[in-house]
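**Q** Please see the structure below; I have some questions.
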There are 2 protein chains.
Amino acid sequence: MVENAVRKVRDEIENAVVAGDFAPGDRLDEVQLATRFGVSRTPVREALMQLSAIGMVELRPRRGAIVVSHGPAKIYEMFEVMAELEGLAGAHAARRLDAKDRAAIAAAHEGCRAAAEANDRDGYYYENETFHFAIYAASRSDFLAEQCGALHRRLRPFRRLQLRVSNRLRASFEEHDAVVRAIFAGDADQAKALLRAHVVVQGDRFGDLLSAYAETARRKTG
Amino acid sequence: MVENAVRKVRDEIENAVVAGDFAPGDRLDEVQLATRFGVSRTPVREALMQLSAIGMVELRPRRGAIVVSHGPAKIYEMFEVMAELEGLAGAHAARRLDAKDRAAIAAAHEGCRAAAEANDRDGYYYENETFHFAIYAASRSDFLAEQCGALHRRLRPFRRLQLRVSNRLRASFEEHDAVVRAIFAGDADQAKALLRAHVVVQGDRFGDLLSAYAETARRKTG
DNA sequence: GTCTTCTTCTTTGTATACAAGAGCGACTAA
DNA sequence: TTAGTCGCTCTTGTATACAAAGAAGAAGAC
């Protein structure tokens, strides 16, 4: 979008973090990253600052960048805020839905159905993302869609972990189905409530997520 | 926080934009800014990238940075999202309030009262900010408080304009008063509804805001 | 033997230099 | 006279060099 080298470096680092190549707490050395990506330190620095603005890495003065490690409370809070914003987007979508948005949501929903029935976790992960972004777009609020998208990207690593839990694929799809029905019926309140419940991570699901998160951290250090 | 020069430059530019020294659409020349602040282009670039991440300036590849100009729809959307997040923060505050947070909110509220009674707009602007940040903190959700703070800063220029409208000071204070009562009573739903209504800009207030915004733009070009 | 301090080395933060792309103007041709 | 193309200049994007700050290790003293 804005530059070439820094954008490339930023995306690469972001993907590496999401994929787990860099674990939380890992130190990101500027010169190492520069040589790894074949650029100078300047674009690496700018990429790190952008990631710091997103909240993916932490920049400590004179001490370099580390991948942020979120405590359980923070993770819960992030999902809670995401739930609130998605609820708002869903309510708007239910009120403002037009044929094009309806088609986009329906298509993404069908993609999720196929992946869920095939028990294809990676596939579902991507289709799920498409589904949620379709709802953001259908809110017809550019700013809200932006905010939702940014937060969604920030939560990517955790969303992926969630799908590890057995049977979560099917449960997630069932929740999607109810959300879609509410939006298509134009029931804003219902869409808001269902979407909020779908996104927020509470009870058993929160415990499941935490244990999966702890496991990846353990796997990384070992 | 992170660096010295870039932080200074970033804050200076942010203040200049909020104060109206740079109008929406103005081009921000890197070398001009560098000489103005007595630093090299490197920290200026990093500051601009951070501001771009916040959404205060827009970076166009090979074409420099311009101060973003928001259309009416975008402004409305931003206040709407702010209202939703503040509502959530208020609900949390009502449920989780402890003595320290209660004292902080009460103190800020009294500050607002004094400024409102003295009809001191600048004073109210600052006390109002303190009041809202006290509620964010009282939510006891670090992430939510962060998000609210970031969005609040982004809306600063408009909040200031709002207070220009005659009698808005008193009306704003009355709304605060109701919010405070709901939070202190532990009524989460009421706090959420009142805070949301206080923040969202609708009806006449939106028209007032837009005309004030248009006027500053006109004053700048003229 | 351990703790403290000094020195050195690594790493970040800033500046400057160089290259490449985009915009604008001038000149030529129709 | 107007339109198109070529070239120049200005500005951004990247690299590298230099300086300062912190951390770590070694040496000396208690």
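Chain identifiers are assigned as A, B, and so on, following the order in which chains appear in the structure tokens; residues are numbered from 1 within each chain, and ligands are numbered from 1 in order of appearance.
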Leaving out Arg154 in chain A and any residue of its chain fewer than 2 positions from it, which residues lie within 10 Å of it when counting only C-alpha atoms (C1' of nucleotides), given as an MDAnalysis selection string?
**A** chainID A and resid 14 18 54:56 78 148:152 156:159
**Q** Could you write out the selected residues, including all heavy atoms, as an mmCIF file, in the first residue's frame?
**A**
```cif
data_model
loop_
_atom_site.group_PDB
_atom_site.id
_atom_site.type_symbol
_atom_site.label_atom_id
_atom_site.label_comp_id
_atom_site.auth_asym_id
_atom_site.auth_seq_id
_atom_site.Cartn_x
_atom_site.Cartn_y
_atom_site.Cartn_z
ATOM 1 N N GLU A 14 4.568 -10.343 10.334
ATOM 2 C CA GLU A 14 3.224 -10.609 10.858
ATOM 3 C C GLU A 14 2.852 -12.072 10.636
ATOM 4 O O GLU A 14 2.386 -12.751 11.555
ATOM 5 C CB GLU A 14 2.217 -9.690 10.155
ATOM 6 C CG GLU A 14 0.858 -9.664 10.831
ATOM 7 C CD GLU A 14 -0.063 -8.617 10.218
ATOM 8 O OE1 GLU A 14 0.444 -7.620 9.679
ATOM 9 O OE2 GLU A 14 -1.288 -8.824 10.277
ATOM 10 N N VAL A 18 2.030 -14.925 13.401
ATOM 11 C CA VAL A 18 0.772 -15.663 13.381
ATOM 12 C C VAL A 18 1.022 -17.161 13.241
ATOM 13 O O VAL A 18 0.375 -17.974 13.893
ATOM 14 C CB VAL A 18 -0.128 -15.161 12.226
ATOM 15 C CG1 VAL A 18 -1.329 -16.064 12.079
ATOM 16 C CG2 VAL A 18 -0.567 -13.735 12.490
ATOM 17 N N ILE A 54 0.217 -1.599 15.798
ATOM 18 C CA ILE A 54 -0.865 -2.579 15.789
ATOM 19 C C ILE A 54 -0.950 -3.289 17.136
ATOM 20 O O ILE A 54 -1.984 -3.819 17.509
ATOM 21 C CB ILE A 54 -0.644 -3.627 14.669
ATOM 22 C CG1 ILE A 54 -0.558 -2.962 13.305
ATOM 23 C CG2 ILE A 54 -1.738 -4.671 14.664
ATOM 24 C CD1 ILE A 54 -0.138 -3.928 12.215
ATOM 25 N N GLY A 55 0.167 -3.318 17.842
ATOM 26 C CA GLY A 55 0.183 -3.992 19.124
ATOM 27 C C GLY A 55 0.706 -5.411 19.048
ATOM 28 O O GLY A 55 0.501 -6.197 19.959
ATOM 29 N N MET A 56 1.375 -5.729 17.945
ATOM 30 C CA MET A 56 1.866 -7.091 17.768
ATOM 31 C C MET A 56 3.254 -7.275 18.365
ATOM 32 O O MET A 56 3.598 -8.355 18.824
ATOM 33 C CB MET A 56 1.883 -7.442 16.284
ATOM 34 C CG MET A 56 2.288 -8.860 16.004
ATOM 35 S SD MET A 56 1.882 -9.366 14.335
ATOM 36 C CE MET A 56 0.198 -9.907 14.511
ATOM 37 N N MET A 78 -9.657 -8.506 24.788
ATOM 38 C CA MET A 78 -9.633 -8.255 23.347
ATOM 39 C C MET A 78 -10.838 -8.898 22.669
ATOM 40 O O MET A 78 -11.498 -8.282 21.823
ATOM 41 C CB MET A 78 -8.333 -8.775 22.744
ATOM 42 C CG MET A 78 -7.126 -7.958 23.163
ATOM 43 S SD MET A 78 -5.675 -8.218 22.116
ATOM 44 C CE MET A 78 -5.234 -9.875 22.532
ATOM 45 N N CYS A 148 -13.019 -3.145 12.978
ATOM 46 C CA CYS A 148 -13.252 -4.577 13.123
ATOM 47 C C CYS A 148 -12.147 -5.367 12.431
ATOM 48 O O CYS A 148 -11.624 -6.339 12.980
ATOM 49 C CB CYS A 148 -14.608 -4.954 12.523
ATOM 50 S SG CYS A 148 -16.020 -4.519 13.557
ATOM 51 N N GLY A 149 -11.792 -4.930 11.227
ATOM 52 C CA GLY A 149 -10.750 -5.636 10.475
ATOM 53 C C GLY A 149 -9.426 -5.616 11.215
ATOM 54 O O GLY A 149 -8.731 -6.637 11.314
ATOM 55 N N ALA A 150 -9.067 -4.457 11.763
ATOM 56 C CA ALA A 150 -7.798 -4.333 12.465
ATOM 57 C C ALA A 150 -7.766 -5.252 13.682
ATOM 58 O O ALA A 150 -6.781 -5.962 13.927
ATOM 59 C CB ALA A 150 -7.582 -2.884 12.887
ATOM 60 N N LEU A 151 -8.864 -5.239 14.428
ATOM 61 C CA LEU A 151 -8.902 -6.060 15.631
ATOM 62 C C LEU A 151 -8.934 -7.545 15.273
ATOM 63 O O LEU A 151 -8.288 -8.372 15.931
ATOM 64 C CB LEU A 151 -10.132 -5.686 16.463
ATOM 65 C CG LEU A 151 -10.218 -6.234 17.880
ATOM 66 C CD1 LEU A 151 -8.906 -6.055 18.617
ATOM 67 C CD2 LEU A 151 -11.336 -5.537 18.634
ATOM 68 N N HIS A 152 -9.637 -7.857 14.195
ATOM 69 C CA HIS A 152 -9.703 -9.246 13.741
ATOM 70 C C HIS A 152 -8.305 -9.767 13.405
ATOM 71 O O HIS A 152 -7.918 -10.860 13.810
ATOM 72 C CB HIS A 152 -10.610 -9.339 12.508
ATOM 73 C CG HIS A 152 -10.947 -10.735 12.114
ATOM 74 N ND1 HIS A 152 -12.198 -11.269 12.298
ATOM 75 C CD2 HIS A 152 -10.199 -11.729 11.578
ATOM 76 C CE1 HIS A 152 -12.194 -12.515 11.879
ATOM 77 N NE2 HIS A 152 -10.996 -12.822 11.427
ATOM 78 N N ARG A 156 -6.025 -12.905 15.097
ATOM 79 C CA ARG A 156 -5.841 -14.070 14.234
ATOM 80 C C ARG A 156 -5.187 -15.272 14.913
ATOM 81 O O ARG A 156 -5.698 -16.385 14.821
ATOM 82 C CB ARG A 156 -4.989 -13.672 13.019
ATOM 83 C CG ARG A 156 -5.804 -13.529 11.762
ATOM 84 C CD ARG A 156 -4.876 -13.268 10.596
ATOM 85 N NE ARG A 156 -5.576 -12.631 9.497
ATOM 86 C CZ ARG A 156 -5.002 -11.848 8.598
ATOM 87 N NH1 ARG A 156 -3.721 -11.585 8.683
ATOM 88 N NH2 ARG A 156 -5.700 -11.330 7.627
ATOM 89 N N PRO A 157 -4.030 -15.047 15.573
ATOM 90 C CA PRO A 157 -3.353 -16.216 16.142
ATOM 91 C C PRO A 157 -4.258 -17.015 17.072
ATOM 92 O O PRO A 157 -4.213 -18.244 17.097
ATOM 93 C CB PRO A 157 -2.185 -15.621 16.912
ATOM 94 C CG PRO A 157 -2.009 -14.246 16.400
ATOM 95 C CD PRO A 157 -3.316 -13.805 15.836
ATOM 96 N N PHE A 158 -5.097 -16.292 17.822
ATOM 97 C CA PHE A 158 -5.931 -16.970 18.814
ATOM 98 C C PHE A 158 -7.111 -17.675 18.159
ATOM 99 O O PHE A 158 -7.490 -18.774 18.554
ATOM 100 C CB PHE A 158 -6.422 -15.964 19.849
ATOM 101 C CG PHE A 158 -5.306 -15.223 20.506
ATOM 102 C CD1 PHE A 158 -5.108 -13.882 20.285
ATOM 103 C CD2 PHE A 158 -4.415 -15.899 21.328
ATOM 104 C CE1 PHE A 158 -4.066 -13.207 20.882
ATOM 105 C CE2 PHE A 158 -3.364 -15.238 21.932
ATOM 106 C CZ PHE A 158 -3.192 -13.881 21.701
ATOM 107 N N ARG A 159 -7.668 -17.040 17.130
ATOM 108 C CA ARG A 159 -8.785 -17.660 16.426
ATOM 109 C C ARG A 159 -8.368 -19.018 15.887
ATOM 110 O O ARG A 159 -9.103 -19.988 15.914
ATOM 111 C CB ARG A 159 -9.232 -16.788 15.251
ATOM 112 C CG ARG A 159 -10.075 -15.617 15.673
ATOM 113 C CD ARG A 159 -10.571 -14.865 14.461
ATOM 114 N NE ARG A 159 -11.074 -13.550 14.842
ATOM 115 C CZ ARG A 159 -12.327 -13.320 15.197
ATOM 116 N NH1 ARG A 159 -13.196 -14.304 15.191
ATOM 117 N NH2 ARG A 159 -12.705 -12.115 15.550
#
```
**Q** Near chain C, meaning an atom within 9 Å, which residues of chain A appear when counting only C-alpha atoms (C1' of nucleotides)? Write them as a compact mmCIF listing (two decimals) with N, CA, C and O atoms, in the first residue's frame.
**A**
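Result file out-v3.txt:
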```txt
# COMPACT_ATOMS: atom_id res chain seq x y z
N ASP A 29 15.65 -9.13 16.32
CA ASP A 29 16.86 -8.36 16.07
C ASP A 29 16.77 -7.68 14.70
O ASP A 29 16.47 -8.33 13.70
N GLU A 30 17.04 -6.38 14.69
CA GLU A 30 16.89 -5.62 13.45
C GLU A 30 17.82 -6.11 12.34
O GLU A 30 17.38 -6.28 11.20
N PRO A 61 12.74 1.08 24.49
CA PRO A 61 13.80 2.02 24.11
C PRO A 61 15.18 1.42 24.31
O PRO A 61 15.48 0.90 25.38
N ARG A 62 15.95 1.49 23.27
CA ARG A 62 17.35 1.03 23.32
C ARG A 62 17.47 -0.46 23.62
O ARG A 62 18.54 -0.95 23.89
N ARG A 63 16.36 -1.16 23.63
CA ARG A 63 16.47 -2.57 24.00
C ARG A 63 15.79 -3.48 22.99
O ARG A 63 15.64 -4.67 23.23
N GLY A 64 15.38 -2.89 21.88
CA GLY A 64 14.88 -3.73 20.80
C GLY A 64 13.42 -4.10 20.91
O GLY A 64 12.71 -3.67 21.81
```
**Q** Return as an MDAnalysis selection string the residues belonging to chain A that are within 10 Å of chain B, counting only C-alpha atoms.
**A** chainID A and resid 1:4 42 45:47 49:54 58:64 73:82 84:85 87:89 140:145 147
**Q** Please return, as a compact mmCIF listing (two decimals) with C-alpha atoms (C1' of nucleotides), in the first residue's frame, all residues of chain D lying within 9 Å of chain B when only C-alpha atoms (C1' of nucleotides) are considered.
**A**
```txt
# COMPACT_ATOMS: atom_id res chain seq x y z
C1' DT D 11 10.64 14.43 -3.31
C1' DT D 12 10.41 10.05 -1.42
C1' DG D 13 12.46 5.42 -0.41
```
**Q** Find the spatial neighbours of Asp26 in chain A, counting only C-alpha atoms (C1' of nucleotides), within a cut-off of 9 Å - ignore same-chain residues fewer than 5 positions away - and output them as a PyMOL selection string.
**A** chain A and resi 65-68
**Q** Which residues in range 1-133 of chain B does DSSP call strand (DSSP E)? List them as a PyMOL selection string.
**A** chain B and resi 27-28+57-60+64-67
**Q** I need the alpha helix (DSSP H) residues of range 116-221 of chain A per DSSP on the backbone, written as a PyMOL selection string.
**A** chain A and resi 116-117+121-138+142-162+168-184+188-199+204-221
**Q** Would you mind listing what lies within 9 Å of Leu163 in chain A as a list in words, with only C-alpha atoms (C1' of nucleotides) counted and same-chain residues fewer than 2 positions away left out?
**A**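 The contact residues come out as Arg121, Asp122, Tyr124, Tyr125, Phe158, Arg159, Arg160, Leu161, Val165, Ser166, Asn167, Arg168, Leu169 and Ser172 of chain A.
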